[in-house]
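Here's upload_13.txt, which has compact mmCIF, C-alpha atoms:
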# COMPACT_ATOMS: atom_id res chain seq x y z
CA MET T 1291 19.48 -33.45 -28.63
CA GLU T 1292 19.50 -33.46 -24.81
CA THR T 1293 16.46 -31.99 -23.04
CA ILE T 1294 15.19 -31.13 -19.56
CA LEU T 1295 11.42 -31.23 -19.11
CA GLY T 1296 11.12 -31.38 -22.88
CA ILE T 1297 13.18 -28.21 -23.42
CA ASP T 1298 16.46 -28.58 -25.31
CA TYR T 1299 19.73 -27.35 -23.83
CA PRO T 1300 20.27 -24.37 -26.22
CA THR T 1301 16.78 -23.05 -25.40
CA LEU T 1302 17.39 -23.44 -21.67
CA TRP T 1303 20.69 -21.57 -21.99
CA TYR T 1304 18.91 -18.88 -24.02
CA LEU T 1305 16.55 -18.44 -21.05
CA VAL T 1306 19.46 -18.38 -18.58
CA VAL T 1307 21.32 -15.68 -20.53
CA GLY T 1308 18.11 -13.69 -20.92
CA LEU T 1309 17.44 -13.88 -17.20
CA LEU T 1310 20.96 -12.71 -16.36
CA PHE T 1311 20.83 -9.69 -18.66
CA SER T 1312 17.31 -8.87 -17.44
CA GLY T 1313 18.64 -8.87 -13.88
CA TYR T 1314 21.46 -6.59 -14.97
CA ALA T 1315 19.09 -4.17 -16.71
CA ILE T 1316 16.72 -3.98 -13.74
CA LEU T 1317 19.27 -3.73 -10.91
CA GLU T 1318 22.05 -1.78 -12.58
CA GLY T 1319 19.45 0.24 -14.49
CA PHE T 1320 18.48 2.29 -11.44
CA ASP T 1321 22.18 2.88 -10.73
CA TYR T 1322 22.71 4.32 -14.20
CA GLY T 1323 19.42 6.21 -13.96
CA ALA T 1324 20.40 7.78 -10.65
CA GLY T 1325 23.70 8.88 -12.19
CA ALA T 1326 21.93 10.35 -15.22
CA TRP T 1327 20.14 12.77 -12.84
CA HIS T 1328 23.39 13.78 -11.12
CA LEU T 1329 23.89 17.23 -12.64
CA PHE T 1330 20.20 18.02 -12.10
CA LEU T 1331 20.96 17.97 -8.36
CA LYS T 1332 22.42 21.38 -7.64
CA LYS T 1333 23.95 21.04 -4.17
CA ASP T 1334 27.09 19.13 -3.31
CA LEU T 1335 25.32 17.49 -0.36
CA SER T 1336 22.51 16.27 -2.61
CA ARG T 1337 25.00 14.76 -5.04
CA ARG T 1338 26.86 13.00 -2.24
CA ILE T 1339 23.62 11.51 -0.92
CA ALA T 1340 22.64 10.35 -4.41
CA ILE T 1341 25.99 8.60 -4.89
CA ASN T 1342 25.82 7.03 -1.45
CA ALA T 1343 22.33 5.73 -2.20
CA ILE T 1344 23.88 3.37 -4.76
CA GLY T 1345 27.24 3.14 -2.94
CA PRO T 1346 26.80 -0.34 -1.38
CA LEU T 1347 25.01 -1.71 -4.45
CA TRP T 1348 26.52 -0.53 -7.72
CA ASP T 1349 29.56 -2.80 -7.81
CA ALA T 1350 27.51 -5.81 -6.64
CA ASN T 1351 24.95 -5.14 -9.37
CA GLN T 1352 27.70 -5.36 -11.98
CA VAL T 1353 28.07 -9.03 -11.05
CA TRP T 1354 25.07 -9.61 -13.33
CA LEU T 1355 27.00 -8.15 -16.27
CA ILE T 1356 30.07 -10.28 -15.57
CA ILE T 1357 28.07 -13.48 -15.18
CA GLY T 1358 25.86 -12.62 -18.16
CA GLY T 1359 28.85 -11.93 -20.40
CA GLY T 1360 30.52 -15.13 -19.25
CA ALA T 1361 27.34 -17.14 -19.81
CA LEU T 1362 26.97 -15.69 -23.31
CA PHE T 1363 30.56 -16.55 -24.18
CA ALA T 1364 30.36 -20.04 -22.71
CA GLY T 1365 26.96 -20.94 -24.14
CA PHE T 1366 26.99 -19.17 -27.51
CA PRO T 1367 30.64 -18.45 -28.44
CA VAL T 1368 29.82 -17.90 -32.13
CA MET T 1369 27.26 -15.26 -31.25
CA TYR T 1370 29.74 -13.63 -28.84
CA ALA T 1371 32.41 -13.37 -31.56
CA THR T 1372 30.02 -12.10 -34.24
CA MET T 1373 28.47 -9.57 -31.86
CA LEU T 1374 31.86 -8.13 -30.92
CA SER T 1375 32.79 -7.81 -34.58
CA ALA T 1376 29.62 -5.87 -35.35
CA MET T 1377 29.48 -3.80 -32.13
CA TYR T 1378 33.19 -3.30 -31.43
CA ILE T 1379 33.02 0.50 -31.11
CA PRO T 1380 30.02 0.70 -28.74
CA PHE T 1381 31.42 -2.11 -26.59
CA MET T 1382 34.81 -0.42 -26.27
CA LEU T 1383 33.09 2.86 -25.41
CA PHE T 1384 30.97 0.97 -22.89
CA LEU T 1385 34.03 -0.49 -21.14
CA MET T 1386 35.81 2.87 -21.08
CA LEU T 1387 32.73 4.55 -19.59
CA LEU T 1388 32.42 1.84 -16.93
CA VAL T 1389 35.99 2.59 -15.84
CA LEU T 1390 35.34 6.34 -15.75
CA ARG T 1391 32.11 5.86 -13.82
CA SER T 1392 33.83 3.71 -11.20
CA ALA T 1393 36.66 6.22 -10.88
CA ALA T 1394 34.18 9.08 -10.43
CA ILE T 1395 32.40 7.28 -7.60
CA LYS T 1396 35.67 6.49 -5.83
CA PHE T 1397 37.57 9.75 -6.42
CA ARG T 1398 34.88 12.45 -6.29
CA SER T 1399 35.07 13.06 -2.55
CA ALA T 1400 38.78 12.28 -2.19
CA GLU T 1401 39.59 16.00 -2.34
CA ASP T 1402 37.71 19.10 -1.17
CA MET T 1403 38.51 21.39 -4.11
CA THR T 1404 35.42 22.60 -5.92
CA TRP T 1405 36.92 22.10 -9.39
CA TRP T 1406 37.88 18.53 -8.49
CA ARG T 1407 34.38 17.56 -7.44
CA LYS T 1408 32.72 19.33 -10.36
CA THR T 1409 35.02 17.56 -12.81
CA TRP T 1410 34.15 14.14 -11.41
CA ASP T 1411 30.47 15.12 -11.26
CA ILE T 1412 30.52 15.82 -15.00
CA ILE T 1413 32.38 12.56 -15.72
CA TYR T 1414 29.93 10.63 -13.55
CA PHE T 1415 26.90 12.16 -15.26
CA ILE T 1416 28.22 11.66 -18.80
CA SER T 1417 29.37 8.08 -18.19
CA ASN T 1418 26.06 6.97 -16.67
CA THR T 1419 24.02 8.67 -19.38
CA LEU T 1420 26.07 7.27 -22.25
CA ILE T 1421 26.22 3.75 -20.79
CA ALA T 1422 22.42 3.65 -20.57
CA PHE T 1423 22.13 5.05 -24.10
CA LEU T 1424 24.68 2.60 -25.56
CA LEU T 1425 22.96 -0.40 -24.00
CA GLY T 1426 19.79 0.64 -25.81
CA VAL T 1427 21.70 1.23 -29.04
CA VAL T 1428 23.08 -2.31 -28.96
CA LEU T 1429 19.58 -3.69 -28.30
CA GLY T 1430 18.20 -1.62 -31.18
CA ASN T 1431 20.82 -3.03 -33.53
CA VAL T 1432 19.99 -6.58 -32.46
CA LEU T 1433 16.30 -5.99 -33.17
CA GLN T 1434 17.05 -4.36 -36.49
CA GLY T 1435 19.55 -7.01 -37.58
CA PHE T 1436 23.12 -7.03 -38.86
CA GLU T 1437 24.74 -7.44 -42.27
CA LEU T 1438 25.76 -11.06 -41.74
CA GLY T 1439 26.98 -13.11 -44.68
CA GLU T 1440 28.32 -16.59 -45.23
CA ASN T 1441 30.03 -18.31 -42.28
CA LEU T 1442 28.16 -15.88 -39.99
CA THR T 1443 30.68 -13.12 -40.67
CA TYR T 1444 29.83 -9.46 -40.22
CA GLN T 1445 30.04 -7.47 -43.47
CA GLY T 1446 28.77 -4.07 -42.37
CA GLY T 1447 30.45 -0.82 -41.42
CA ILE T 1448 32.63 -0.27 -38.36
CA PHE T 1449 32.62 3.24 -36.95
CA PHE T 1450 29.16 4.82 -37.04
CA SER T 1451 26.96 2.19 -38.64
CA PHE T 1452 25.61 1.24 -35.21
CA LEU T 1453 23.99 4.69 -34.86
CA SER T 1454 20.97 4.09 -37.06
CA PRO T 1455 17.81 6.16 -36.39
CA TYR T 1456 16.05 3.15 -34.87
CA ALA T 1457 19.02 2.29 -32.63
CA ILE T 1458 19.10 5.90 -31.40
CA MET T 1459 15.37 5.73 -30.60
CA VAL T 1460 15.83 2.51 -28.61
CA GLY T 1461 18.86 4.10 -26.89
CA LEU T 1462 16.81 7.11 -25.79
CA THR T 1463 13.98 4.86 -24.62
CA THR T 1464 16.42 2.80 -22.56
CA LEU T 1465 17.90 5.96 -21.06
CA SER T 1466 14.43 7.26 -20.19
CA ILE T 1467 13.31 4.09 -18.42
CA PHE T 1468 16.59 3.92 -16.50
CA MET T 1469 16.17 7.55 -15.43
CA THR T 1470 12.62 6.83 -14.28
CA GLN T 1471 13.84 3.79 -12.38
CA GLY T 1472 16.72 5.78 -10.87
CA ALA T 1473 14.52 8.65 -9.69
CA ILE T 1474 12.09 6.24 -8.02
CA PHE T 1475 14.95 4.45 -6.28
CA LEU T 1476 16.43 7.74 -5.03
CA LEU T 1477 13.03 8.77 -3.66
CA LEU T 1478 13.10 5.63 -1.51
CA LYS T 1479 16.55 6.60 -0.18
CA THR T 1480 16.17 10.35 0.46
CA GLU T 1481 14.14 12.84 2.45
CA GLY T 1482 13.62 16.58 2.86
CA ARG T 1483 14.42 19.03 0.06
CA LEU T 1484 16.27 16.46 -2.01
CA HIS T 1485 13.22 14.22 -1.88
CA ALA T 1486 11.04 17.10 -3.10
CA ARG T 1487 13.47 17.87 -5.90
CA LEU T 1488 13.47 14.24 -7.02
CA THR T 1489 9.68 14.18 -7.02
CA PHE T 1490 9.77 17.00 -9.57
CA LEU T 1491 12.49 15.30 -11.63
CA LEU T 1492 10.62 11.99 -11.65
CA LYS T 1493 7.63 13.64 -13.34
CA LYS T 1494 9.93 14.90 -16.09
CA GLY T 1495 11.51 11.46 -16.37
CA MET T 1496 8.15 9.73 -16.78
CA ILE T 1497 7.14 12.18 -19.52
CA PHE T 1498 10.45 11.52 -21.27
CA PHE T 1499 9.87 7.75 -21.04
CA ILE T 1500 6.24 7.79 -22.19
CA ILE T 1501 7.05 9.92 -25.25
CA SER T 1502 10.16 7.96 -26.26
CA PHE T 1503 8.45 4.62 -25.61
CA ALA T 1504 5.42 5.60 -27.71
CA VAL T 1505 7.55 6.84 -30.63
CA THR T 1506 9.83 3.77 -30.59
CA SER T 1507 6.89 1.37 -30.34
CA LEU T 1508 5.10 3.04 -33.25
CA TYR T 1509 8.27 2.92 -35.37
CA THR T 1510 8.83 -0.74 -34.47
CA LEU T 1511 5.32 -1.78 -35.45
CA THR T 1512 5.43 0.27 -38.65
CA PHE T 1513 8.89 -0.32 -40.08
CA LEU T 1514 10.35 -3.52 -38.57
CA HIS T 1515 9.38 -6.34 -40.90
CA GLY T 1516 7.64 -9.33 -39.33
CA VAL T 1517 7.68 -7.96 -35.79
CA THR T 1518 4.14 -9.20 -35.09
CA ASP T 1519 4.30 -12.48 -37.04
CA LYS T 1520 5.00 -14.72 -34.06
CA PHE T 1521 2.22 -13.13 -32.05
CA LYS T 1522 -0.22 -13.82 -34.87
CA GLU T 1523 0.96 -17.44 -34.97
CA ASN T 1524 0.67 -17.75 -31.17
CA PRO T 1525 -2.10 -15.36 -30.02
CA VAL T 1526 -1.67 -16.42 -26.40
CA PHE T 1527 1.58 -14.44 -26.29
CA PHE T 1528 -0.31 -11.20 -26.88
CA VAL T 1529 -0.52 -11.24 -23.10
CA LEU T 1530 3.10 -9.99 -23.02
CA PRO T 1531 2.51 -6.58 -24.67
CA ILE T 1532 -0.69 -6.21 -22.63
CA LEU T 1533 1.20 -6.84 -19.39
CA ALA T 1534 3.95 -4.46 -20.49
CA PHE T 1535 1.39 -1.72 -21.20
CA LEU T 1536 -0.35 -2.26 -17.84
CA ALA T 1537 3.01 -2.12 -16.03
CA VAL T 1538 3.90 1.15 -17.78
CA ALA T 1539 0.50 2.65 -16.94
CA ASN T 1540 0.74 1.59 -13.30
CA VAL T 1541 3.99 3.45 -12.59
CA PRO T 1542 2.59 7.03 -12.72
CA ARG T 1543 -0.51 5.89 -10.78
CA LEU T 1544 1.62 4.54 -7.95
CA VAL T 1545 3.94 7.55 -8.02
CA SER T 1546 0.95 9.90 -7.67
CA LYS T 1547 0.00 7.96 -4.51
CA LYS T 1548 3.63 8.14 -3.28
CA LYS T 1549 3.89 4.36 -3.22
CA TYR T 1550 7.44 4.44 -4.46
CA ALA T 1551 8.40 0.88 -3.51
CA ASN T 1552 5.49 -0.48 -5.57
CA ALA T 1553 6.33 1.93 -8.39
CA LEU T 1554 9.88 0.56 -8.44
CA VAL T 1555 8.50 -2.97 -8.70
CA PHE T 1556 6.29 -2.05 -11.65
CA SER T 1557 9.00 -0.10 -13.45
CA SER T 1558 11.17 -3.23 -13.05
CA LEU T 1559 8.31 -5.36 -14.40
CA THR T 1560 8.07 -2.98 -17.35
CA MET T 1561 11.68 -3.71 -18.25
CA ALA T 1562 11.18 -7.43 -17.67
CA PHE T 1563 8.12 -7.64 -19.92
CA LEU T 1564 9.74 -5.57 -22.67
CA LEU T 1565 12.82 -7.80 -22.64
CA MET T 1566 10.56 -10.86 -22.73
CA LEU T 1567 8.90 -9.38 -25.81
CA VAL T 1568 12.32 -9.03 -27.45
CA ALA T 1569 13.31 -12.60 -26.50
CA PHE T 1570 10.06 -14.06 -27.81
CA GLN T 1571 10.24 -12.08 -31.03
CA LEU T 1572 13.82 -13.15 -31.79
CA TYR T 1573 13.72 -16.82 -30.69
CA PRO T 1574 15.47 -18.95 -31.88
CA VAL T 1575 17.51 -16.22 -33.59
CA LEU T 1576 20.22 -14.42 -31.63
CA LEU T 1577 21.46 -12.06 -34.36
CA PRO T 1578 19.23 -11.62 -37.42
CA SER T 1579 20.90 -11.22 -40.82
CA THR T 1580 19.64 -8.40 -43.04
CA ILE T 1581 21.34 -9.99 -46.07
CA ASP T 1582 19.60 -13.36 -45.91
CA PRO T 1583 17.76 -15.05 -42.98
CA LYS T 1584 19.77 -18.24 -43.59
CA TYR T 1585 22.90 -16.37 -42.42
CA SER T 1586 21.35 -15.44 -39.07
CA VAL T 1587 23.04 -16.54 -35.85
CA THR T 1588 20.68 -18.84 -33.94
CA ILE T 1589 20.81 -20.67 -30.63
CA TYR T 1590 21.55 -23.85 -32.56
CA ASN T 1591 24.35 -22.83 -34.93
CA ALA T 1592 26.02 -20.71 -32.22
CA ALA T 1593 25.76 -23.04 -29.22
CA SER T 1594 28.52 -24.92 -27.44
CA SER T 1595 28.46 -28.71 -27.33
CA GLN T 1596 25.61 -30.52 -25.58
CA LYS T 1597 28.01 -31.77 -22.90
CA SER T 1598 29.27 -28.25 -22.17
CA LEU T 1599 25.75 -26.86 -21.93
CA GLY T 1600 24.70 -29.72 -19.64
CA ILE T 1601 27.62 -29.10 -17.25
CA MET T 1602 26.94 -25.35 -17.19
CA LEU T 1603 23.22 -25.87 -16.53
CA THR T 1604 24.19 -27.97 -13.51
CA ILE T 1605 26.41 -25.14 -12.27
CA VAL T 1606 23.51 -22.69 -12.75
CA ALA T 1607 21.20 -24.92 -10.71
CA ILE T 1608 23.70 -24.81 -7.83
CA GLY T 1609 24.77 -21.16 -8.14
CA ALA T 1610 21.43 -19.46 -8.77
CA PRO T 1611 20.06 -19.93 -5.20
CA LEU T 1612 23.37 -18.69 -3.77
CA LEU T 1613 23.29 -15.59 -5.96
CA ALA T 1614 19.65 -14.91 -5.05
CA GLY T 1615 20.43 -15.30 -1.35
CA TYR T 1616 23.38 -12.93 -1.58
CA PHE T 1617 21.32 -10.18 -3.22
CA LEU T 1618 18.44 -10.59 -0.77
CA PHE T 1619 20.91 -10.19 2.10
CA LEU T 1620 22.57 -7.19 0.43
CA TYR T 1621 19.38 -5.26 -0.25
CA LYS T 1622 17.93 -6.05 3.17
CA THR T 1623 21.11 -4.88 4.88
CA PHE T 1624 21.26 -1.54 3.04
CA HIS T 1625 17.56 -0.65 2.93
CA GLY T 1626 16.28 2.64 4.35
CA LYS T 1627 17.26 6.29 4.01
CA VAL T 1628 20.82 7.40 3.30
CA LYS T 1629 22.83 8.94 6.12
CA LEU T 1630 26.25 10.47 5.51
CA ASP T 1631 29.08 9.44 7.82
CA ASP T 1632 32.86 8.98 7.77
CA THR T 1633 32.58 5.99 5.41
CA SER T 1634 30.51 7.85 2.82
CA TYR T 1635 31.79 8.66 -0.68
Written form, structure tokens:
Amino acid sequence: METILGIDYPTLWYLVVGLLFSGYAILEGFDYGAGAWHLFLKKDLSRRIAINAIGPLWDANQVWLIIGGGALFAGFPVMYATMLSAMYIPFMLFLMLLVLRSAAIKFRSAEDMTWWRKTWDIIYFISNTLIAFLLGVVLGNVLQGFELGENLTYQGGIFFSFLSPYAIMVGLTTLSIFMTQGAIFLLLKTEGRLHARLTFLLKKGMIFFIISFAVTSLYTLTFLHGVTDKFKENPVFFVLPILAFLAVANVPRLVSKKKYANALVFSSLTMAFLLMLVAFQLYPVLLPSTIDPKYSVTIYNAASSQKSLGIMLTIVAIGAPLLAGYFLFLYKTFHGKVKLDDTSY
């Protein structure tokens, strides 16, 4: 099997896909979180400012989803097909909500009628909230495992089987961390009364996150079989949950000191460390089977050919610096407080 620096191609591609989806969760997470606060902002002006805060960024941030989905399909096509079979309903809902969210951003201020704007405000709020929740639900199902049988085929239910109690808990936790991230981002982009309102909302969001995170973590440690086995085998990796806990604890400390930029960094690190925990716990499994571990989808039985992975890793080595440069330019260009003008949504 081909390697780079002693790491085989499927493992490297596993890291690439994980990095892409982590980037998506961190960058698009504050977009969804900002939208999940939308109806909590009472004035039309406040809602316009909140939308314009993410206006130059939201569609660019979705590049991470497109690239991540493409990388998953190209690198692990078997996993992609099995995942769609098991999660068809949430993925279709997810795509529909993405369309509605985009339409709400574009159309909300196209007309001045009150009913028009309120309708799109409701659509925008619901779509952002449900997208964040569904992303967590999918992650919860992956952690919990799927009913996979011979030939890696999904044998479970279709319509509501994805809404298990644990998946709902992970969904709420994901929503809460996105809302915390979104409120912190909006505080960096606003001033005056809206800034004061968001300060109040952020406190509620952090309480929501801490409670949901604590409950989900306790459930995970208590009821998910073998969740700590790899950490016992490799004690050095206990540093990951410790770093995650310190990152979580640092967010309210920084918020209390009004260091919102640093708080945004540590809320992003919280997501990064939690996703690293998931990746470490699953590796080399992509989709665990609840029927028999031998039917699980792994990075080895789901991967493309060695030649394909090698070519794609070369493309990543060329494209990654370009992507990083683009996003650095984008965020530097649109930093600072939001001002409404003729080009605003």
### Query
Which residues, written as a PyMOL selection string, have at least one atom at most 12 Å from Ser1546 (chain T), with only C-alpha atoms counted and residues fewer than 4 positions away on the same chain left out?
chain T and resi 1474+1489-1490+1492-1493+1496+1539-1542+1550+1552-1553
### Message
What does the structure give for the distance between CA of Ile1458 (chain T) and CA of Gly1430 (chain T), in Å to one decimal?
### Response
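That distance, rounded to one decimal, is 7.6 Å.
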With 3 Å of padding per side, what axis-aligned box (centre and edge lengths, Å, one decimal) covers all the listed atoms of region 1484-1490 of chain T? Give it as lines of an AutoDock Vina configuration file.
center_x = 13.0
center_y = 16.0
center_z = -5.7
size_x = 12.6
size_y = 9.7
size_z = 13.7
#### Entry: Atom pair CA of Tyr1621 (chain T) / CA of Ala1350 (chain T): separation (Å)
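Computing the Euclidean distance for CA of Tyr1621 (chain T) and CA of Ala1350 (chain T) yields 10.4 Å.
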### Message
List the spatial neighbours of region 1436-1440 of chain T as a ChimeraX atom specification - criterion: any atom at most 7 Å away, only C-alpha atoms, same-chain residues fewer than 2 positions off excluded.
### Response
/T:1442-1446,1577-1581,1585-1586
How would you write as a JSON list (two decimals) with C-alpha atoms, in the frame of the given file the residues that get within 10 Å of (21.3, 8.7, 7.6) in the file's frame, counting all atoms listed in the file?
[["chain", "number", "residue", "atom", "x", "y", "z"],
["T", 1339, "ILE", "CA", 23.62, 11.51, -0.92],
["T", 1479, "LYS", "CA", 16.55, 6.60, -0.18],
["T", 1480, "THR", "CA", 16.17, 10.35, 0.46],
["T", 1481, "GLU", "CA", 14.14, 12.84, 2.45],
["T", 1626, "GLY", "CA", 16.28, 2.64, 4.35],
["T", 1627, "LYS", "CA", 17.26, 6.29, 4.01],
["T", 1628, "VAL", "CA", 20.82, 7.40, 3.30],
["T", 1629, "LYS", "CA", 22.83, 8.94, 6.12],
["T", 1630, "LEU", "CA", 26.25, 10.47, 5.51],
["T", 1631, "ASP", "CA", 29.08, 9.44, 7.82]]
### Task
Have a look at CA of Tyr1304 (chain T) and CA of Trp1348 (chain T) and let me know their distance in Å, one decimal.
25.7 Å
### Message
List as a PyMOL selection string the protein and nucleic acid residues near Phe1452 (chain T), meaning an atom at most 8 Å away when only C-alpha atoms are counted, but skip any in the same chain fewer than 3 places from it.
### Response
chain T and resi 1377+1380+1427-1428+1431+1448-1449+1457
### Task
Check the smallest atom-to-atom distance from each of T:Leu1613, T:Gly1447, T:Ile1413, T:Val1432 to Val1575 (chain T) using all atoms listed in the file, then report the winner.
T:Val1432
### Task
Taking (29.3, -1.5, -11.2) in the file's own coordinates, collect the residues within 9 Å, counting only C-alpha atoms, and hand them back as a list in words.
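In the file's frame, the residues around the point are Glu1318, Asp1321, Leu1347, Trp1348, Asp1349, Ala1350, Asn1351, Gln1352, Val1353, Leu1355, Leu1388, Arg1391 and Ser1392 of chain T.
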### Task
Extract, using all atoms listed in the file, all DNA, RNA and protein residues at most 9 Å from Ser1466 (chain T), discarding same-chain residues fewer than 6 positions from it, and format them as a count of residues only.
11
### Query
Counting only C-alpha atoms, which of T:Ala1364, T:Ile1395, T:Leu1465, T:Leu1383 gets nearest to Pro1346 (chain T)?
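Using only C-alpha atoms, Pro1346 (chain T) sits closest to T:Ile1395.
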### Task
Write out as a list of chain:residue names which residues come within 12 Å of Gly1600 (chain T) when counting all atoms listed in the file, dropping same-chain ones fewer than 2 positions away.
T:Met1291, T:Glu1292, T:Thr1293, T:Ile1294, T:Asp1298, T:Tyr1299, T:Pro1300, T:Thr1301, T:Leu1302, T:Trp1303, T:Ala1364, T:Gly1365, T:Ala1593, T:Ser1594, T:Ser1595, T:Gln1596, T:Lys1597, T:Ser1598, T:Met1602, T:Leu1603, T:Thr1604, T:Ile1605, T:Val1606, T:Ala1607
### Message
Counting only C-alpha atoms, which residue out of T:Leu1390, T:Ile1379, T:Leu1620, T:Val1306 sits closest to Gly1360 (chain T)?
### Response
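That would be T:Val1306, the residue with the smallest distance to Gly1360 (chain T).
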### Message
My list of candidates is T:His1625, T:Asp1411, T:Leu1530, T:Gly1615. Which is closest to Lys1332 (chain T) when distances are computed with all atoms listed in the file?
### Response
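Answer, going by the shortest atom-to-atom distance: T:Asp1411.
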### Proximity to Thr1512 (chain T) - best of T:Phe1527, T:Tyr1314, T:Tyr1456, T:Trp1410, all atoms listed in the file
T:Tyr1456
